[in-house]
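The structure appears below as structure tokens.
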Amino acid sequence: MKYNVVFFSRTGNSRRVAEKISKALGVKPIEIIQESPSFKGLFGYLKAGYYSMRNKSVKIKISENYKDTDRYIVVSPLWAGKPANATVEFLKLVPPGKVTLVLTCIGSDTDKIVNDYESKNGKFKSHYGIVKKLKNEEKVIDEILKNLQK
């Protein structure tokens with residue numbers, strides 16, 4: 001089975017996770033690049049939260065061809081209790097049933113967030129939460145890789 005690991009990252013946490021998964025699968029990670037608006041710096045952080053709360057669209061581009069695959073592993077931070085806007089835009093381009101969603105956050109209930117998203121947009125193949133306060137990054141990555149073998 002062919003996998004594409006696709007990620008969006010503002011601060012580098014989701015990038016790190018995507019790179020670990022990509023390395024284990026022997027594939028190059030594909031970056032979702034937010035073209036506009038810019039969310040850099042402190043004001044960008046605040047603007048990102050506002051855009052997330054309001055479900056505002058953003059303009060994205062994808063660093064590589066992402067369409068030639070059997071499954072997507074999409075890694076995204078949570079912003080204001082939702083996947084980052086750039087990730088949401090990417091998820092509109094692919095069938096949810098082909099997506100394993102991996103959310104990175106400080107301490108949110110990722111299951112509830114995914115259930116809310118799925119109720120409006122369709123069910124993912126699977127989903128995982130990497131929660132900083134739980135210190136579960138390595139454990140979750142191992143679980144993802146193990147479950148991809150099934």
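Identifiers in this document derive from the order of the structure tokens: chains are assigned A, B, ..., residues are numbered from 1 separately in each chain, and ligands are numbered from 1 in order of occurrence.
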
Practice problem: Give me the residues within 12 Å of Met1 of chain A as number ranges by chain, counting only C-alpha atoms and dropping any in the same chain fewer than 6 places off. | Solution: A: 25, 68-72, 98, 148-150

Save out the residues we just selected, N, CA and C atoms, as a PDB file, in the first residue's frame.
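What ended up in again12.pdb:
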```pdb
ATOM      1  N   LEU A  25       8.202   5.100   7.169  1.00  0.00           N
ATOM      2  CA  LEU A  25       7.538   4.538   5.990  1.00  0.00           C
ATOM      3  C   LEU A  25       8.402   4.620   4.730  1.00  0.00           C
ATOM      4  N   ASP A  68      -1.319  10.604  -5.990  1.00  0.00           N
ATOM      5  CA  ASP A  68      -0.970   9.219  -6.327  1.00  0.00           C
ATOM      6  C   ASP A  68      -0.697   8.423  -5.048  1.00  0.00           C
ATOM      7  N   THR A  69      -1.785   7.969  -4.410  1.00  0.00           N
ATOM      8  CA  THR A  69      -1.617   7.246  -3.140  1.00  0.00           C
ATOM      9  C   THR A  69      -2.844   6.404  -2.821  1.00  0.00           C
ATOM     10  N   ASP A  70      -2.650   5.439  -1.945  1.00  0.00           N
ATOM     11  CA  ASP A  70      -3.773   4.644  -1.446  1.00  0.00           C
ATOM     12  C   ASP A  70      -4.353   5.253  -0.175  1.00  0.00           C
ATOM     13  N   ARG A  71      -3.452   5.815   0.661  1.00  0.00           N
ATOM     14  CA  ARG A  71      -3.871   6.365   1.953  1.00  0.00           C
ATOM     15  C   ARG A  71      -3.078   7.616   2.262  1.00  0.00           C
ATOM     16  N   TYR A  72      -3.725   8.511   3.006  1.00  0.00           N
ATOM     17  CA  TYR A  72      -3.094   9.744   3.473  1.00  0.00           C
ATOM     18  C   TYR A  72      -2.949   9.686   4.985  1.00  0.00           C
ATOM     19  N   LYS A  98      -9.922   7.719   3.236  1.00  0.00           N
ATOM     20  CA  LYS A  98      -8.535   7.374   2.916  1.00  0.00           C
ATOM     21  C   LYS A  98      -7.546   8.080   3.845  1.00  0.00           C
ATOM     22  N   LEU A 148      -0.938   0.637  10.653  1.00  0.00           N
ATOM     23  CA  LEU A 148      -0.872   0.706   9.190  1.00  0.00           C
ATOM     24  C   LEU A 148      -0.559  -0.650   8.584  1.00  0.00           C
ATOM     25  N   GLN A 149       0.068  -1.515   9.355  1.00  0.00           N
ATOM     26  CA  GLN A 149       0.420  -2.850   8.880  1.00  0.00           C
ATOM     27  C   GLN A 149      -0.801  -3.743   8.716  1.00  0.00           C
ATOM     28  N   LYS A 150      -1.907  -3.380   9.400  1.00  0.00           N
ATOM     29  CA  LYS A 150      -3.110  -4.229   9.388  1.00  0.00           C
ATOM     30  C   LYS A 150      -3.882  -4.095   8.106  1.00  0.00           C
TER      31      LYS A 150
END
```

Quiz prompt | All strand (DSSP E) positions in chain A, as an NGL selection string | solution = :A and (3-7 or 30-36 or 59-62 or 71-79 or 82-83 or 99-105 or 126-131)

Okay, now the selection with N, CA and C atoms, as a short mmCIF file (atom, residue, chain, number, x, y, z; two decimals), in the first residue's frame?
```
data_model
loop_
_atom_site.label_atom_id
_atom_site.label_comp_id
_atom_site.auth_asym_id
_atom_site.auth_seq_id
_atom_site.Cartn_x
_atom_site.Cartn_y
_atom_site.Cartn_z
N TYR A 3 1.51 5.15 0.86
CA TYR A 3 1.09 6.19 1.79
C TYR A 3 1.71 7.53 1.42
N ASN A 4 0.95 8.59 1.59
CA ASN A 4 1.50 9.94 1.55
C ASN A 4 1.32 10.54 2.93
N VAL A 5 2.39 11.08 3.48
CA VAL A 5 2.34 11.78 4.76
C VAL A 5 2.29 13.26 4.44
N VAL A 6 1.17 13.89 4.79
CA VAL A 6 0.92 15.29 4.47
C VAL A 6 0.79 16.05 5.78
N PHE A 7 1.42 17.22 5.87
CA PHE A 7 1.37 17.94 7.14
C PHE A 7 1.26 19.44 6.93
N ILE A 30 4.96 15.56 2.63
CA ILE A 30 4.40 16.58 1.74
C ILE A 30 3.83 17.69 2.61
N GLU A 31 4.26 18.91 2.34
CA GLU A 31 3.84 20.04 3.18
C GLU A 31 2.66 20.78 2.58
N ILE A 32 1.71 21.11 3.44
CA ILE A 32 0.63 22.03 3.10
C ILE A 32 1.16 23.41 3.45
N ILE A 33 1.21 24.28 2.46
CA ILE A 33 1.74 25.63 2.66
C ILE A 33 0.59 26.62 2.61
N GLN A 34 0.43 27.37 3.66
CA GLN A 34 -0.62 28.38 3.67
C GLN A 34 -0.08 29.63 2.98
N GLU A 35 -0.69 29.98 1.86
CA GLU A 35 -0.22 31.14 1.10
C GLU A 35 -0.74 32.45 1.67
N SER A 36 -1.98 32.45 2.13
CA SER A 36 -2.52 33.68 2.72
C SER A 36 -3.71 33.34 3.58
N LYS A 59 -5.93 30.26 1.73
CA LYS A 59 -5.40 29.79 0.45
C LYS A 59 -4.17 28.93 0.72
N ILE A 60 -4.15 27.73 0.13
CA ILE A 60 -3.03 26.81 0.34
C ILE A 60 -2.43 26.37 -0.99
N LYS A 61 -1.22 25.86 -0.89
CA LYS A 61 -0.62 25.10 -1.98
C LYS A 61 0.05 23.88 -1.35
N ILE A 62 0.25 22.86 -2.15
CA ILE A 62 0.82 21.61 -1.66
C ILE A 62 2.21 21.47 -2.28
N ARG A 71 -3.45 5.81 0.66
CA ARG A 71 -3.87 6.37 1.95
C ARG A 71 -3.08 7.62 2.26
N TYR A 72 -3.73 8.51 3.01
CA TYR A 72 -3.09 9.74 3.47
C TYR A 72 -2.95 9.69 4.99
N ILE A 73 -1.78 10.07 5.46
CA ILE A 73 -1.59 10.31 6.89
C ILE A 73 -1.42 11.82 6.99
N VAL A 74 -2.39 12.49 7.57
CA VAL A 74 -2.42 13.95 7.62
C VAL A 74 -2.12 14.39 9.05
N VAL A 75 -1.07 15.17 9.22
CA VAL A 75 -0.64 15.63 10.55
C VAL A 75 -0.92 17.12 10.64
N SER A 76 -1.61 17.51 11.72
CA SER A 76 -2.03 18.91 11.87
C SER A 76 -2.04 19.32 13.32
N PRO A 77 -1.73 20.59 13.57
CA PRO A 77 -1.95 21.12 14.92
C PRO A 77 -3.43 21.43 15.12
N LEU A 78 -3.81 21.54 16.38
CA LEU A 78 -5.15 22.03 16.72
C LEU A 78 -5.04 23.52 16.97
N TRP A 79 -5.99 24.26 16.45
CA TRP A 79 -6.08 25.70 16.70
C TRP A 79 -7.48 26.00 17.19
N LYS A 82 -9.86 23.07 16.85
CA LYS A 82 -10.16 22.54 15.52
C LYS A 82 -8.85 22.30 14.79
N PRO A 83 -8.87 21.41 13.76
CA PRO A 83 -7.67 21.29 12.94
C PRO A 83 -7.35 22.65 12.31
N VAL A 99 -8.07 8.77 4.88
CA VAL A 99 -7.24 9.63 5.73
C VAL A 99 -7.09 9.05 7.14
N THR A 100 -5.85 8.98 7.58
CA THR A 100 -5.53 8.80 9.00
C THR A 100 -5.12 10.18 9.48
N LEU A 101 -5.91 10.76 10.36
CA LEU A 101 -5.65 12.11 10.86
C LEU A 101 -4.88 12.03 12.17
N VAL A 102 -3.81 12.80 12.24
CA VAL A 102 -2.99 12.86 13.46
C VAL A 102 -2.98 14.32 13.91
N LEU A 103 -3.56 14.57 15.07
CA LEU A 103 -3.63 15.92 15.62
C LEU A 103 -2.59 16.10 16.71
N THR A 104 -1.87 17.22 16.67
CA THR A 104 -0.91 17.55 17.71
C THR A 104 -1.45 18.73 18.51
N CYS A 105 -1.31 18.65 19.82
CA CYS A 105 -1.84 19.72 20.66
C CYS A 105 -1.16 19.70 22.03
N SER A 126 -8.96 6.50 10.28
CA SER A 126 -8.58 6.43 11.69
C SER A 126 -8.08 7.80 12.12
N HIS A 127 -7.91 7.97 13.42
CA HIS A 127 -7.37 9.24 13.92
C HIS A 127 -6.61 9.00 15.23
N TYR A 128 -5.67 9.92 15.49
CA TYR A 128 -4.82 9.83 16.67
C TYR A 128 -4.57 11.23 17.22
N GLY A 129 -4.30 11.29 18.50
CA GLY A 129 -3.94 12.55 19.13
C GLY A 129 -2.60 12.47 19.82
N ILE A 130 -1.71 13.37 19.47
CA ILE A 130 -0.43 13.50 20.15
C ILE A 130 -0.55 14.71 21.05
N VAL A 131 -0.60 14.44 22.35
CA VAL A 131 -0.91 15.47 23.34
C VAL A 131 0.33 15.72 24.19
#
```

Name all residues at most 12 Å from Gly122 of chain A (count only C-alpha atoms; drop same-chain ones fewer than 5 positions away) and give them as an mmCIF file with N, CA and C atoms, in the first residue's frame.
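What landed in part-v6.cif:
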```
data_model
loop_
_atom_site.group_PDB
_atom_site.id
_atom_site.type_symbol
_atom_site.label_atom_id
_atom_site.label_comp_id
_atom_site.auth_asym_id
_atom_site.auth_seq_id
_atom_site.Cartn_x
_atom_site.Cartn_y
_atom_site.Cartn_z
ATOM 1 N N LEU A 91 -8.093 18.794 3.549
ATOM 2 C CA LEU A 91 -9.024 17.683 3.754
ATOM 3 C C LEU A 91 -10.222 17.753 2.814
ATOM 4 N N LYS A 92 -10.533 18.933 2.306
ATOM 5 C CA LYS A 92 -11.612 19.074 1.323
ATOM 6 C C LYS A 92 -11.239 18.447 -0.019
ATOM 7 N N VAL A 94 -9.474 15.497 -0.483
ATOM 8 C CA VAL A 94 -9.262 14.044 -0.448
ATOM 9 C C VAL A 94 -10.439 13.357 0.243
ATOM 10 N N PRO A 95 -10.706 12.096 -0.115
ATOM 11 C CA PRO A 95 -11.796 11.369 0.538
ATOM 12 C C PRO A 95 -11.456 11.071 2.002
ATOM 13 N N PRO A 96 -12.340 11.410 2.940
ATOM 14 C CA PRO A 96 -12.027 11.183 4.358
ATOM 15 C C PRO A 96 -11.731 9.720 4.689
ATOM 16 N N GLY A 97 -12.339 8.792 3.983
ATOM 17 C CA GLY A 97 -12.115 7.375 4.255
ATOM 18 C C GLY A 97 -10.718 6.892 3.921
ATOM 19 N N LYS A 98 -9.922 7.719 3.236
ATOM 20 C CA LYS A 98 -8.535 7.374 2.916
ATOM 21 C C LYS A 98 -7.546 8.080 3.845
ATOM 22 N N VAL A 99 -8.070 8.773 4.879
ATOM 23 C CA VAL A 99 -7.239 9.628 5.729
ATOM 24 C C VAL A 99 -7.090 9.049 7.138
ATOM 25 N N VAL A 114 -12.307 15.333 16.750
ATOM 26 C CA VAL A 114 -12.451 14.548 15.531
ATOM 27 C C VAL A 114 -13.905 14.141 15.331
ATOM 28 N N ASN A 115 -14.574 13.712 16.391
ATOM 29 C CA ASN A 115 -15.986 13.328 16.270
ATOM 30 C C ASN A 115 -16.837 14.494 15.775
ATOM 31 N N ASP A 116 -16.585 15.696 16.284
ATOM 32 C CA ASP A 116 -17.312 16.889 15.817
ATOM 33 C C ASP A 116 -17.039 17.129 14.335
ATOM 34 N N TYR A 117 -15.781 17.037 13.926
ATOM 35 C CA TYR A 117 -15.421 17.255 12.525
ATOM 36 C C TYR A 117 -16.073 16.197 11.630
#
```

Quiz item: atom CA of Ser57 of chain A and atom CA of Ala84 of chain A are how many Å apart?
Solution: 10.3 Å

Quiz prompt | Members of segment 84-121 of chain A assigned alpha helix (DSSP H) by DSSP, as a list in words | solution =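 Of segment 84-121 of chain A, only Asn85, Ala86, Thr87, Val88, Glu89, Phe90, Leu91, Thr110, Asp111, Lys112, Ile113, Val114, Asn115, Asp116, Tyr117, Glu118, Ser119, Lys120 and Asn121 of chain A fall in alpha helix (DSSP H).
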
Residues just named, written with C-alpha atoms as a PDB file, in the first residue's frame:
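The new file again.pdb reads:
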```pdb
ATOM      1  CA  ASN A  85      -7.446  26.031   8.658  1.00  0.00           C
ATOM      2  CA  ALA A  86      -4.834  25.016   6.076  1.00  0.00           C
ATOM      3  CA  THR A  87      -5.375  21.369   7.009  1.00  0.00           C
ATOM      4  CA  VAL A  88      -9.147  21.762   6.710  1.00  0.00           C
ATOM      5  CA  GLU A  89      -8.644  23.146   3.185  1.00  0.00           C
ATOM      6  CA  PHE A  90      -6.503  20.121   2.275  1.00  0.00           C
ATOM      7  CA  LEU A  91      -9.024  17.683   3.754  1.00  0.00           C
ATOM      8  CA  THR A 110      -8.698  15.057  20.291  1.00  0.00           C
ATOM      9  CA  ASP A 111     -11.384  12.347  20.138  1.00  0.00           C
ATOM     10  CA  LYS A 112     -14.160  14.882  20.743  1.00  0.00           C
ATOM     11  CA  ILE A 113     -12.695  17.270  18.179  1.00  0.00           C
ATOM     12  CA  VAL A 114     -12.451  14.548  15.531  1.00  0.00           C
ATOM     13  CA  ASN A 115     -15.986  13.328  16.270  1.00  0.00           C
ATOM     14  CA  ASP A 116     -17.312  16.889  15.817  1.00  0.00           C
ATOM     15  CA  TYR A 117     -15.421  17.255  12.525  1.00  0.00           C
ATOM     16  CA  GLU A 118     -16.520  13.834  11.225  1.00  0.00           C
ATOM     17  CA  SER A 119     -20.191  14.525  11.977  1.00  0.00           C
ATOM     18  CA  LYS A 120     -20.081  17.340   9.393  1.00  0.00           C
ATOM     19  CA  ASN A 121     -17.488  16.077   6.900  1.00  0.00           C
TER      20      ASN A 121
END
```

Quiz item: Which of these residues is nearest to Tyr45 of chain A, using only C-alpha atoms: A:Thr11, A:Asn65, A:Ser22, A:Asn147?
Solution: A:Thr11

Exercise. In Å, rounded to a single decimal, give me how far atom CA of Lys2 of chain A is from atom CA of Lys28 of chain A.
Key: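 Calculated distance between atom CA of Lys28 of chain A and atom CA of Lys2 of chain A is 11.8 Å.
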